[in-house]
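Asker: To be precise about what I am sending: the file is called my_file_36.txt and holds compact mmCIF, C-alpha atoms and all ligand atoms.
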```
# COMPACT_ATOMS: atom_id res chain seq x y z
CA MET A 1 119.43 65.39 96.11
CA THR A 2 119.25 69.09 96.91
CA GLN A 3 116.62 71.41 95.45
CA ALA A 4 118.14 74.15 93.28
CA ILE A 5 116.71 77.61 93.98
CA THR A 6 116.87 80.94 92.14
CA ILE A 7 116.58 84.03 94.31
CA LEU A 8 115.24 87.03 92.43
CA GLY A 9 116.29 90.12 94.39
CA SER A 10 118.90 88.37 96.54
CA THR A 11 120.49 91.62 97.75
CA GLY A 12 117.25 92.90 99.30
CA SER A 13 115.78 92.34 102.73
CA ILE A 14 113.82 89.19 101.78
CA GLY A 15 116.66 87.97 99.57
CA GLN A 16 119.15 88.17 102.42
CA SER A 17 116.75 86.49 104.86
CA THR A 18 116.24 83.71 102.30
CA LEU A 19 119.99 83.14 101.97
CA ASP A 20 120.25 83.03 105.75
CA VAL A 21 117.62 80.26 105.85
CA LEU A 22 119.24 78.36 102.96
CA ALA A 23 122.63 78.55 104.69
CA ARG A 24 121.12 76.63 107.62
CA ASN A 25 119.79 73.93 105.28
CA LEU A 26 122.48 73.27 102.70
CA ASP A 27 121.79 69.54 102.92
CA LYS A 28 118.41 70.28 101.29
CA PHE A 29 119.01 73.24 98.96
CA SER A 30 121.55 74.64 96.54
CA VAL A 31 121.67 78.16 95.16
CA TYR A 32 121.32 78.13 91.37
CA ALA A 33 121.11 81.86 90.65
CA LEU A 34 121.23 85.18 92.48
CA THR A 35 120.03 88.48 91.01
CA ALA A 36 120.36 92.16 91.84
CA ASN A 37 119.52 95.50 90.32
CA THR A 38 122.57 97.66 91.13
CA ASN A 39 124.36 96.49 94.27
CA ALA A 40 127.56 94.90 92.92
CA ASP A 41 129.36 94.79 96.28
CA LYS A 42 126.61 92.89 98.06
CA LEU A 43 126.14 90.50 95.16
CA LEU A 44 129.89 89.80 95.10
CA ALA A 45 129.86 88.98 98.82
CA GLN A 46 126.88 86.65 98.27
CA ILE A 47 128.65 84.96 95.34
CA LYS A 48 131.68 84.25 97.52
CA GLN A 49 129.54 82.78 100.28
CA TYR A 50 126.91 80.82 98.32
CA GLN A 51 128.68 79.99 95.02
CA PRO A 52 125.72 80.18 92.65
CA GLN A 53 126.12 78.92 89.08
CA HIS A 54 124.55 82.06 87.59
CA VAL A 55 124.16 85.69 88.60
CA VAL A 56 122.16 88.46 86.98
CA MET A 57 122.94 92.15 87.33
CA VAL A 58 120.21 94.25 85.74
CA ASP A 59 122.17 97.50 85.65
CA ALA A 60 124.92 97.46 82.97
CA LYS A 61 127.35 99.72 84.84
CA ALA A 62 127.08 97.70 88.05
CA ALA A 63 127.55 94.55 85.96
CA GLU A 64 130.88 95.84 84.60
CA LEU A 65 132.10 96.52 88.12
CA LEU A 66 131.07 93.02 89.15
CA ARG A 67 132.72 91.49 86.07
CA THR A 68 136.05 93.05 87.04
CA ASN A 69 135.79 91.68 90.57
CA LEU A 70 134.72 88.21 89.43
CA LYS A 71 138.11 87.85 87.68
CA ASN A 72 139.71 87.37 91.09
CA LEU A 73 137.55 84.35 91.94
CA SER A 74 138.74 80.84 91.21
CA ASN A 75 135.30 79.48 90.32
CA PRO A 76 133.15 82.46 89.23
CA PRO A 77 129.47 82.10 88.24
CA GLN A 78 128.26 82.99 84.79
CA LEU A 79 127.31 86.67 84.77
CA HIS A 80 124.25 87.79 82.81
CA VAL A 81 123.31 91.42 82.27
CA GLY A 82 119.87 92.99 81.85
CA ALA A 83 116.26 92.31 82.74
CA GLN A 84 115.65 89.48 80.22
CA ALA A 85 118.18 87.32 82.05
CA LEU A 86 115.95 87.47 85.17
CA CYS A 87 113.31 85.51 83.22
CA ASP A 88 115.93 83.00 82.07
CA VAL A 89 117.21 82.17 85.56
CA ALA A 90 113.64 82.05 86.91
CA SER A 91 112.62 79.41 84.40
CA ALA A 92 115.84 77.40 83.91
CA ALA A 93 115.40 73.63 83.70
CA PRO A 94 117.63 72.68 86.68
CA ILE A 95 115.69 74.68 89.26
CA HIS A 96 112.91 73.52 91.53
CA GLY A 97 111.78 76.89 92.85
CA VAL A 98 112.10 80.65 92.69
CA MET A 99 112.09 83.09 95.57
CA ALA A 100 110.27 86.06 94.01
CA ALA A 101 111.73 88.89 96.10
CA ILE A 102 112.23 91.73 93.63
CA VAL A 103 110.40 94.83 94.80
CA GLY A 104 107.64 96.27 92.62
CA ALA A 105 106.49 95.78 89.05
CA ALA A 106 110.04 94.85 87.95
CA GLY A 107 109.33 91.43 89.44
CA LEU A 108 106.32 90.68 87.26
CA LEU A 109 107.93 89.26 84.11
CA PRO A 110 110.43 86.95 85.84
CA THR A 111 107.76 85.69 88.27
CA LEU A 112 105.44 85.00 85.33
CA ALA A 113 108.31 83.22 83.56
CA ALA A 114 108.69 80.95 86.60
CA ALA A 115 104.94 80.25 86.52
CA LYS A 116 105.06 79.41 82.80
CA ALA A 117 107.91 76.98 83.49
CA GLY A 118 105.80 75.21 86.14
CA LYS A 119 108.14 76.08 89.01
CA THR A 120 107.36 76.42 92.70
CA ILE A 121 107.12 80.15 93.38
CA TYR A 122 107.83 81.42 96.88
CA LEU A 123 105.98 84.70 96.53
CA ALA A 124 107.16 87.80 98.38
CA ASN A 125 106.72 90.20 95.45
CA LYS A 126 103.07 91.11 96.11
CA GLU A 127 103.11 93.92 93.52
CA ALA A 128 103.39 91.36 90.70
CA LEU A 129 100.25 89.60 91.90
CA VAL A 130 98.38 92.86 92.49
CA MET A 131 99.10 93.97 88.93
CA SER A 132 98.17 90.77 87.21
CA GLY A 133 96.13 88.68 89.70
CA GLN A 134 93.79 86.99 87.25
CA LEU A 135 96.42 86.40 84.56
CA PHE A 136 99.02 85.24 87.08
CA MET A 137 96.77 82.72 88.87
CA GLN A 138 95.56 81.41 85.51
CA THR A 139 99.17 81.02 84.29
CA VAL A 140 100.04 79.12 87.47
CA LYS A 141 97.09 76.80 86.91
CA ASP A 142 97.70 76.29 83.18
CA HIS A 143 101.35 75.34 83.67
CA GLY A 144 101.09 73.28 86.85
CA ALA A 145 103.14 75.75 88.88
CA THR A 146 102.75 76.17 92.65
CA VAL A 147 102.52 79.47 94.54
CA LEU A 148 103.47 79.48 98.19
CA PRO A 149 102.93 82.75 100.04
CA VAL A 150 105.92 84.28 101.81
CA ASP A 151 104.27 87.56 102.82
CA SER A 152 103.85 86.95 106.56
CA GLU A 153 100.06 87.50 106.65
CA HIS A 154 99.37 85.23 103.71
CA ASN A 155 101.79 82.65 104.98
CA ALA A 156 99.97 82.70 108.34
CA ILE A 157 96.64 82.21 106.56
CA PHE A 158 98.12 79.42 104.46
CA GLN A 159 99.35 77.71 107.64
CA SER A 160 95.92 78.14 109.27
CA LEU A 161 94.11 76.49 106.34
CA PRO A 162 93.87 72.72 105.90
CA THR A 163 97.10 71.33 104.43
CA ASP A 164 95.34 70.21 101.24
CA ASN A 165 94.11 73.76 100.56
CA GLN A 166 95.64 74.24 97.12
CA ASN A 167 92.72 73.42 94.86
CA ARG A 168 89.83 73.83 97.31
CA SER A 169 87.54 76.81 97.71
CA LEU A 170 87.18 78.59 101.04
CA LYS A 171 83.59 77.37 101.14
CA GLU A 172 84.63 73.74 100.73
CA MET A 173 87.08 74.16 103.61
CA GLY A 174 84.42 75.71 105.87
CA VAL A 175 86.17 79.08 106.02
CA LYS A 176 84.03 82.03 107.05
CA ARG A 177 86.60 84.81 106.76
CA LEU A 178 90.28 85.65 106.55
CA ILE A 179 91.57 88.12 109.14
CA LEU A 180 94.70 90.00 108.09
CA THR A 181 96.60 91.63 110.92
CA ALA A 182 98.31 95.00 110.52
CA SER A 183 100.80 96.65 112.85
CA GLY A 184 99.42 100.08 111.99
CA GLY A 185 102.90 101.20 110.95
CA PRO A 186 105.08 103.90 112.50
CA PHE A 187 102.32 106.54 112.40
CA ARG A 188 99.58 104.50 114.04
CA ASP A 189 99.22 107.04 116.84
CA THR A 190 100.56 110.17 115.12
CA PRO A 191 97.95 112.95 114.92
CA VAL A 192 96.63 113.12 111.34
CA ALA A 193 97.50 116.85 111.17
CA GLU A 194 101.19 116.02 111.65
CA LEU A 195 101.39 113.48 108.83
CA ALA A 196 102.00 116.12 106.13
CA SER A 197 105.44 116.89 107.55
CA VAL A 198 106.80 113.42 108.38
CA THR A 199 110.17 112.56 106.79
CA PRO A 200 111.22 109.48 104.78
CA GLU A 201 113.45 108.49 107.69
CA GLN A 202 110.49 108.51 110.10
CA ALA A 203 108.34 106.61 107.60
CA CYS A 204 111.00 103.90 107.20
CA ALA A 205 111.41 103.36 110.96
CA HIS A 206 108.90 100.53 111.29
CA PRO A 207 108.22 99.58 114.91
CA ASN A 208 108.36 95.78 114.42
CA TRP A 209 109.79 94.76 111.03
CA VAL A 210 113.06 95.61 109.25
CA MET A 211 112.27 95.84 105.54
CA GLY A 212 113.21 97.50 102.25
CA LYS A 213 112.38 101.21 101.91
CA LYS A 214 109.45 100.90 99.52
CA ILE A 215 107.49 98.41 101.63
CA SER A 216 108.34 100.43 104.75
CA VAL A 217 106.69 103.53 103.26
CA ASP A 218 103.78 101.34 102.10
CA SER A 219 103.40 100.16 105.70
CA ALA A 220 103.33 103.75 106.91
CA THR A 221 100.61 104.75 104.40
CA MET A 222 98.88 101.36 104.85
CA MET A 223 99.07 100.84 101.11
CA ASN A 224 100.88 97.67 102.10
CA LYS A 225 97.73 96.36 103.77
CA GLY A 226 95.67 97.44 100.76
CA LEU A 227 98.01 95.52 98.47
CA GLU A 228 97.79 92.57 100.85
CA VAL A 229 93.98 92.54 100.73
CA ILE A 230 94.27 92.34 96.94
CA GLU A 231 96.95 89.66 97.31
CA ALA A 232 94.69 87.60 99.62
CA HIS A 233 91.79 88.00 97.20
CA TRP A 234 93.80 86.34 94.43
CA LEU A 235 95.80 83.80 96.43
CA PHE A 236 92.85 82.36 98.32
CA ASN A 237 90.07 83.21 95.86
CA ALA A 238 88.37 85.21 98.60
CA ALA A 239 85.66 87.82 98.06
CA LEU A 240 86.48 91.25 99.53
CA ALA A 241 83.67 90.77 102.05
CA GLN A 242 85.49 87.68 103.37
CA ILE A 243 88.71 89.59 104.14
CA ASP A 244 88.89 91.62 107.33
CA VAL A 245 91.79 93.71 108.63
CA ILE A 246 92.53 94.24 112.32
CA VAL A 247 95.35 96.24 113.89
CA GLN A 248 97.54 94.02 116.09
CA PRO A 249 100.27 96.42 117.19
CA GLN A 250 102.78 93.82 118.43
CA SER A 251 102.86 91.93 115.07
CA VAL A 252 102.88 88.64 116.98
CA ILE A 253 99.70 87.25 115.44
CA HIS A 254 100.57 87.21 111.75
CA SER A 255 96.98 86.61 110.55
CA MET A 256 94.00 84.33 111.21
CA VAL A 257 91.32 82.18 109.62
CA GLU A 258 87.82 81.93 111.04
CA TYR A 259 85.77 78.80 110.27
CA ILE A 260 81.99 78.43 110.13
CA ASP A 261 81.98 76.55 113.45
CA GLY A 262 83.45 79.60 115.23
CA SER A 263 87.03 78.28 115.46
CA VAL A 264 89.70 80.87 114.78
CA LEU A 265 93.16 79.53 113.83
CA ALA A 266 96.17 81.82 113.91
CA GLU A 267 99.90 81.66 113.34
CA LEU A 268 102.01 83.41 115.97
CA GLY A 269 105.71 84.05 116.26
CA LEU A 270 108.37 86.71 116.44
CA PRO A 271 108.17 89.27 113.62
CA ASP A 272 111.00 87.81 111.53
CA MET A 273 110.52 87.01 107.84
CA ARG A 274 112.78 83.96 108.10
CA THR A 275 109.81 82.08 109.62
CA PRO A 276 107.46 82.35 106.62
CA ILE A 277 110.42 81.92 104.24
CA ALA A 278 111.47 78.68 105.99
CA GLN A 279 107.88 77.43 106.18
CA ALA A 280 107.40 77.89 102.43
CA LEU A 281 110.81 76.50 101.45
CA GLY A 282 110.55 73.52 103.76
CA LEU A 283 107.08 72.28 102.82
CA PRO A 284 105.97 69.62 103.52
CA GLU A 285 108.68 69.42 106.22
CA ARG A 286 109.64 71.99 108.85
CA ILE A 287 113.18 73.36 108.61
CA GLU A 288 115.39 75.54 110.81
CA SER A 289 115.01 79.29 110.27
CA GLY A 290 117.25 80.79 112.93
CA VAL A 291 114.26 82.58 114.48
CA GLY A 292 114.08 82.56 118.28
CA SER A 293 111.16 81.45 120.44
CA LEU A 294 108.24 83.64 121.30
CA ASP A 295 108.60 84.16 125.05
CA PHE A 296 105.08 84.12 126.47
CA ASN A 297 106.40 85.19 129.88
CA GLN A 298 107.73 88.40 128.34
CA LEU A 299 104.65 88.93 126.18
CA SER A 300 102.50 90.78 128.67
CA GLN A 301 99.60 91.45 126.32
CA LEU A 302 98.24 91.15 122.80
CA ASP A 303 96.28 94.22 121.70
CA PHE A 304 93.73 94.62 118.94
CA LYS A 305 92.33 97.80 117.46
CA PRO A 306 89.81 98.37 114.69
CA LEU A 307 91.35 99.80 111.54
CA ALA A 308 90.76 103.57 111.40
CA LEU A 309 90.14 103.82 107.66
CA GLU A 310 89.98 107.65 107.81
CA ARG A 311 93.68 107.70 108.74
CA TYR A 312 94.61 105.64 105.73
CA PRO A 313 93.24 106.94 102.39
CA MET A 314 95.45 104.41 100.59
CA MET A 315 93.39 101.54 102.00
CA ARG A 316 90.24 103.10 100.58
CA LEU A 317 91.93 103.51 97.18
CA ALA A 318 93.05 99.87 97.22
CA TYR A 319 89.50 98.68 97.98
CA GLU A 320 88.13 100.91 95.22
CA ALA A 321 90.68 99.57 92.74
CA ILE A 322 89.89 95.92 93.39
CA GLU A 323 86.17 96.65 93.24
CA GLU A 324 86.65 98.39 89.91
CA GLY A 325 88.70 95.41 88.75
CA GLY A 326 90.51 94.96 85.43
CA THR A 327 93.65 97.07 85.24
CA ALA A 328 92.70 99.36 88.18
CA PRO A 329 94.97 97.51 90.68
CA ALA A 330 97.89 97.69 88.20
CA CYS A 331 97.26 101.42 87.85
CA LEU A 332 97.08 101.83 91.65
CA ASN A 333 100.34 99.93 92.05
CA ALA A 334 102.27 101.87 89.40
CA ALA A 335 101.11 105.27 90.67
CA ASN A 336 102.03 104.23 94.19
CA GLU A 337 105.52 103.07 93.17
CA VAL A 338 106.23 106.41 91.50
CA ALA A 339 104.73 108.44 94.38
CA VAL A 340 106.68 106.48 97.02
CA ALA A 341 109.94 106.98 95.09
CA ALA A 342 109.18 110.72 94.90
CA PHE A 343 108.47 110.83 98.63
CA LEU A 344 111.74 109.00 99.37
CA ALA A 345 113.54 111.54 97.12
CA GLU A 346 111.83 114.34 99.12
CA GLU A 347 110.05 115.66 96.03
CA ILE A 348 106.59 115.33 97.57
CA GLY A 349 105.23 115.10 101.09
CA PHE A 350 103.84 112.00 102.78
CA THR A 351 100.18 113.04 102.42
CA GLN A 352 100.72 113.81 98.74
CA ILE A 353 101.31 110.09 98.05
CA PRO A 354 97.55 109.29 98.21
CA GLN A 355 96.74 112.50 96.33
CA VAL A 356 98.90 111.40 93.39
CA VAL A 357 97.52 107.85 93.42
CA GLU A 358 93.90 108.99 93.62
CA GLN A 359 94.34 111.43 90.74
CA VAL A 360 96.06 108.88 88.51
CA LEU A 361 93.31 106.33 89.21
CA ALA A 362 90.69 108.96 88.34
CA ASN A 363 92.48 109.90 85.10
CA ILE A 364 93.01 106.40 83.69
CA PRO A 365 89.91 104.31 83.04
CA ALA A 366 90.31 100.62 83.86
CA ILE A 367 90.26 98.14 81.00
CA SER A 368 90.19 94.35 80.99
CA ALA A 369 93.37 92.86 82.51
CA ASP A 370 93.39 89.56 80.68
CA THR A 371 96.51 90.24 78.63
CA LEU A 372 100.00 91.12 79.76
CA GLU A 373 100.13 93.85 77.11
CA ALA A 374 97.10 95.62 78.60
CA ILE A 375 98.57 95.43 82.10
CA LEU A 376 101.97 96.74 81.02
CA ALA A 377 100.39 99.53 78.94
CA ILE A 378 98.37 100.78 81.92
CA ASP A 379 101.42 100.45 84.17
CA ALA A 380 103.41 102.67 81.77
CA GLN A 381 100.58 105.19 81.39
CA ALA A 382 100.11 105.44 85.16
CA ARG A 383 103.83 106.10 85.67
CA ILE A 384 103.80 108.93 83.11
CA GLN A 385 100.72 110.50 84.70
CA ALA A 386 102.09 110.14 88.22
CA ASN A 387 105.39 111.78 87.21
CA LEU A 388 103.55 114.70 85.59
CA LEU A 389 101.46 115.22 88.72
CA ILE A 390 104.53 115.07 90.93
CA GLN A 391 106.27 117.64 88.74
CA SER A 392 103.36 120.03 89.02
CA LEU A 393 103.06 119.43 92.78
CA SER A 394 106.74 120.12 93.40
CA GLN A 395 106.73 123.14 91.04
CA GLY A 396 103.70 124.48 92.89
CA GLU A 397 105.65 124.12 96.10
CA SER A 398 108.78 125.87 94.83
CA SER A 399 106.76 128.78 93.35
CA ALA A 400 104.91 129.10 96.68
CA ALA A 401 108.20 129.11 98.60
P1 LIG A 501 114.39 95.52 99.07
O1 LIG A 501 114.29 96.90 98.52
O2 LIG A 501 115.14 95.29 100.31
O3 LIG A 501 115.04 94.57 97.94
C1 LIG A 501 114.58 94.60 96.63
C2 LIG A 501 115.38 93.65 95.74
O4 LIG A 501 114.88 93.80 94.41
C3 LIG A 501 116.88 93.95 95.69
O5 LIG A 501 117.60 92.74 95.60
C4 LIG A 501 117.03 94.73 94.38
O6 LIG A 501 118.30 94.55 93.76
C5 LIG A 501 115.94 94.13 93.52
N1 LIG A 501 115.43 95.09 92.55
C6 LIG A 501 114.96 96.34 92.78
N2 LIG A 501 114.60 96.93 91.63
C7 LIG A 501 114.82 96.04 90.64
C8 LIG A 501 114.68 96.07 89.24
N3 LIG A 501 114.20 97.15 88.60
N4 LIG A 501 115.02 94.96 88.54
C9 LIG A 501 115.51 93.88 89.16
N5 LIG A 501 115.69 93.79 90.49
C10 LIG A 501 115.35 94.86 91.23
O7 LIG A 501 112.89 94.96 99.18
P2 LIG A 501 112.31 93.87 100.22
O8 LIG A 501 111.91 94.54 101.46
O9 LIG A 501 113.21 92.70 100.26
O10 LIG A 501 110.96 93.48 99.47
C11 LIG A 501 110.95 92.62 98.34
C12 LIG A 501 109.52 92.21 98.04
O11 LIG A 501 109.04 91.43 99.12
C13 LIG A 501 108.55 93.38 97.91
O12 LIG A 501 107.61 93.09 96.93
C14 LIG A 501 107.88 93.45 99.27
O13 LIG A 501 106.57 93.96 99.20
C15 LIG A 501 107.85 91.98 99.65
N6 LIG A 501 107.82 91.75 101.11
C16 LIG A 501 108.84 92.18 101.89
C17 LIG A 501 108.81 91.97 103.27
C18 LIG A 501 109.95 92.41 104.15
O14 LIG A 501 109.92 92.14 105.35
N7 LIG A 501 110.98 93.05 103.63
C19 LIG A 501 107.71 91.34 103.83
C20 LIG A 501 106.67 90.89 103.00
C21 LIG A 501 106.74 91.10 101.64
MG MG A 502 102.99 91.47 104.92
```
Take the structure from the file and write it as structure tokens.
Answerer:
Amino acid sequence: MTQAITILGSTGSIGQSTLDVLARNLDKFSVYALTANTNADKLLAQIKQYQPQHVVMVDAKAAELLRTNLKNLSNPPQLHVGAQALCDVASAAPIHGVMAAIVGAAGLLPTLAAAKAGKTIYLANKEALVMSGQLFMQTVKDHGATVLPVDSEHNAIFQSLPTDNQNRSLKEMGVKRLILTASGGPFRDTPVAELASVTPEQACAHPNWVMGKKISVDSATMMNKGLEVIEAHWLFNAALAQIDVIVQPQSVIHSMVEYIDGSVLAELGLPDMRTPIAQALGLPERIESGVGSLDFNQLSQLDFKPLALERYPMMRLAYEAIEEGGTAPACLNAANEVAVAAFLAEEIGFTQIPQVVEQVLANIPAISADTLEAILAIDAQARIQANLLIQSLSQGESSAA
């Protein structure tokens, strides 16, 4: 019997890496559904190769294009259009698990739908957890779902914890602290004064990882690490004081766990997301991922550097948001998504991303985040505020020019 899997966001970087791993293990898995936002060509190519039973195209225009092309296939999948269908394929009875690999808040509702249906969730979409940590973890618990971390740091921590870690506290397992590693991003050594003029292309040129554009910019601002601290807080029920961040420029140590006896366990490997994806999918077995061996003869050194918080205002904002609690992380996330999109569209500069996020956080008081409605309302409000700020920033610039 194969396990049927839905891949939310199959046309993205994590989605494609997931399909690559599944293709190596077709004796164990089958592809139930694939989903995309707008990329009809890539989804069509994936349909031909993996023959899913269902596909979802969120964008109506792209769906029409795909529908025309599906007519030429002898055994086409059922095509569904719109965001609601994401929830349907993430919770469908035949599936065992869902790869949650949509980028941003758009992934929240389908990932929650998978949790409500008691599925195994392979979680890449950290934004969903950041927005709704308490509600999401409670939903998982209430419905007997399982969350397995795919984000490389959290997957490394998961692998460095005892195998029966799922319902045990860090204290029970003798864990002293979690140590998240960070590459430092493309601007680790760029003088702070030069950051205002860096381009989207420079920001997306990550030294070690090939990723989607949004997470690449988040890695450059270090918002990614801020989101990951929040992610670790919820996934492992860790207090902020138990989560440390260290810069490990080679991205070979993917994160570590320190125990009360002084032991530090780490997971090492090449920086390739197929490793954590295969580890999560394969559990409790190990499966092939296609990732090569770490060559210790070539690896001349492993460096560590303290995190220079003054370089990364986004990290400070992320810590402040989680300390404030309630809807503050959802607000942080939404403002960041809008600011990053504006930076990628060259409407604002790189150093204006934290300015927008800080202002939006200051303008919108946090409220309790125990309902989905509250979270979505703050998300919407933060997007409106961020867009207004961006408009005034870019108008200010054009009137100054
Ligand atoms: P990506 O931009 O390459 O792909 C995003 C996917 O989401 C695409 O399939 C796209 O069609 C879909 N999508 C985008 N907007 C959507 C919308 N509004 N509705 C429905 N679908 C939509 O992103 P990625 O790099 O693959 O990242 C995906 C997630 O995984 C992010 O949350 C990211 O933080 C996380 N992650 C990525 C990496 C990595 O190496 N790429 C590592 C760790 C975690
Ligand atoms: Mg990561």
Asker: Go through A:Arg383, A:Leu135, A:Lys126, A:Gln250 and flag the residue nearest Ser300 of chain A, using only C-alpha atoms for the distances.
Answerer: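 The answer is A:Gln250, which sits nearest to Ser300 of chain A.
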Asker: In Å, rounded to a single decimal, give me how far atom CA of Leu240 of chain A is from atom CA of Pro191 of chain A.
Answerer: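 Computed distance, atom CA of Pro191 of chain A to atom CA of Leu240 of chain A, equals 29.0 Å.
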Asker: Pick out the closest residue to ligand MG 502 (chain A) from this set: A:Val198, A:Leu43, A:Val210, A:Ile121. Count all atoms listed in the file.
Answerer: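 Among A:Val198, A:Leu43, A:Val210, A:Ile121, it is A:Val210 that comes nearest to ligand MG 502 (chain A).
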Asker: Would you work out the distance separating atom CA of Lys213 of chain A from atom CA of Gly107 of chain A, expressed in Å to one decimal?
Answerer: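 For atom CA of Lys213 of chain A relative to atom CA of Gly107 of chain A, the distance reads 16.1 Å.
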Asker: Nearest to Ala124 of chain A among A:Thr371, A:Ser251, A:Ser152, A:Ser183, with distances taken over all atoms listed in the file: which residue is it?
Answerer: A:Ser152
Asker: Go ahead and compute the interatomic distance for atom O5 of ligand LIG 501 (chain A) and atom CA of Ile157 of chain A, in Å to one decimal.
Answerer: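 Distance reported for this atom pair: 25.9 Å.
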Asker: Can you list, as a short mmCIF file (atom, residue, chain, number, x, y, z; two decimals) with C-alpha atoms, keeping the file's coordinate frame, every protein, DNA or RNA residue that comes within 12 Å of Pro162 of chain A when you count only C-alpha atoms, leaving out same-chain residues fewer than 6 positions away?
Answerer:
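Saved the output as result27.cif:
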```
data_model
loop_
_atom_site.label_atom_id
_atom_site.label_comp_id
_atom_site.auth_asym_id
_atom_site.auth_seq_id
_atom_site.Cartn_x
_atom_site.Cartn_y
_atom_site.Cartn_z
CA ALA A 156 99.97 82.70 108.34
CA ARG A 168 89.83 73.83 97.31
CA SER A 169 87.54 76.81 97.71
CA LEU A 170 87.18 78.59 101.04
CA GLU A 172 84.63 73.74 100.73
CA MET A 173 87.08 74.16 103.61
CA GLY A 174 84.42 75.71 105.87
CA VAL A 175 86.17 79.08 106.02
CA VAL A 257 91.32 82.18 109.62
CA TYR A 259 85.77 78.80 110.27
CA LEU A 265 93.16 79.53 113.83
#
```
Asker: For ligand MG 502 (chain A), return the neighbouring residues as a PyMOL selection string (distance at most 7 Å; all atoms listed in the file).
Answerer: chain A and resi 151-153+228
Asker: Could those selected residues go to a file with C-alpha atoms, as a short mmCIF file (atom, residue, chain, number, x, y, z; two decimals), keeping the file's coordinate frame?
Answerer:
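Resulting contents of out01.cif:
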```cif
data_model
loop_
_atom_site.label_atom_id
_atom_site.label_comp_id
_atom_site.auth_asym_id
_atom_site.auth_seq_id
_atom_site.Cartn_x
_atom_site.Cartn_y
_atom_site.Cartn_z
CA ASP A 151 104.27 87.56 102.82
CA SER A 152 103.85 86.95 106.56
CA GLU A 153 100.06 87.50 106.65
CA GLU A 228 97.79 92.57 100.85
#
```
Asker: Which residues, protein or nucleic acid, reach to within 12 Å of (122.6, 68.9, 102.9) in the file's coordinates when using all atoms listed in the file, and can you give that as a PyMOL selection string?
Answerer: chain A and resi 1-4+22-30+287
Asker: Write out as a PyMOL selection string each polymer residue whose atoms come within 10 Å of segment 77-81 of chain A, counting all atoms listed in the file; drop sequence neighbours fewer than 2 positions from it.
Answerer: chain A and resi 32-35+37+47-48+51-64+66-67+70+73-75+83-86+88-89
Asker: Output C-alpha atoms for every residue in that selection, as a JSON list (two decimals), in the coordinates of the input.
Answerer:
```json
[["chain", "number", "residue", "atom", "x", "y", "z"],
["A", 32, "TYR", "CA", 121.32, 78.13, 91.37],
["A", 33, "ALA", "CA", 121.11, 81.86, 90.65],
["A", 34, "LEU", "CA", 121.23, 85.18, 92.48],
["A", 35, "THR", "CA", 120.03, 88.48, 91.01],
["A", 37, "ASN", "CA", 119.52, 95.50, 90.32],
["A", 47, "ILE", "CA", 128.65, 84.96, 95.34],
["A", 48, "LYS", "CA", 131.68, 84.25, 97.52],
["A", 51, "GLN", "CA", 128.68, 79.99, 95.02],
["A", 52, "PRO", "CA", 125.72, 80.18, 92.65],
["A", 53, "GLN", "CA", 126.12, 78.92, 89.08],
["A", 54, "HIS", "CA", 124.55, 82.06, 87.59],
["A", 55, "VAL", "CA", 124.16, 85.69, 88.60],
["A", 56, "VAL", "CA", 122.16, 88.46, 86.98],
["A", 57, "MET", "CA", 122.94, 92.15, 87.33],
["A", 58, "VAL", "CA", 120.21, 94.25, 85.74],
["A", 59, "ASP", "CA", 122.17, 97.50, 85.65],
["A", 60, "ALA", "CA", 124.92, 97.46, 82.97],
["A", 61, "LYS", "CA", 127.35, 99.72, 84.84],
["A", 62, "ALA", "CA", 127.08, 97.70, 88.05],
["A", 63, "ALA", "CA", 127.55, 94.55, 85.96],
["A", 64, "GLU", "CA", 130.88, 95.84, 84.60],
["A", 66, "LEU", "CA", 131.07, 93.02, 89.15],
["A", 67, "ARG", "CA", 132.72, 91.49, 86.07],
["A", 70, "LEU", "CA", 134.72, 88.21, 89.43],
["A", 73, "LEU", "CA", 137.55, 84.35, 91.94],
["A", 74, "SER", "CA", 138.74, 80.84, 91.21],
["A", 75, "ASN", "CA", 135.30, 79.48, 90.32],
["A", 83, "ALA", "CA", 116.26, 92.31, 82.74],
["A", 84, "GLN", "CA", 115.65, 89.48, 80.22],
["A", 85, "ALA", "CA", 118.18, 87.32, 82.05],
["A", 86, "LEU", "CA", 115.95, 87.47, 85.17],
["A", 88, "ASP", "CA", 115.93, 83.00, 82.07],
["A", 89, "VAL", "CA", 117.21, 82.17, 85.56]]
```
Asker: Tell me which protein, DNA and RNA residues are within 10 Å of Asn336 of chain A, counting all atoms listed in the file, leaving out same-chain ones fewer than 6 positions away, and put them as an MDAnalysis selection string.
Answerer: chainID A and resid 104 214 218 223 314 330 342 353:354 356:358 360 382:383 386
Asker: So, counting only C-alpha atoms, which residue among A:Gly396, A:Gly226, A:Pro186, A:Gly97 is closest to Pro313 of chain A?
Answerer: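 Among the listed residues, A:Gly226 lies closest to Pro313 of chain A.
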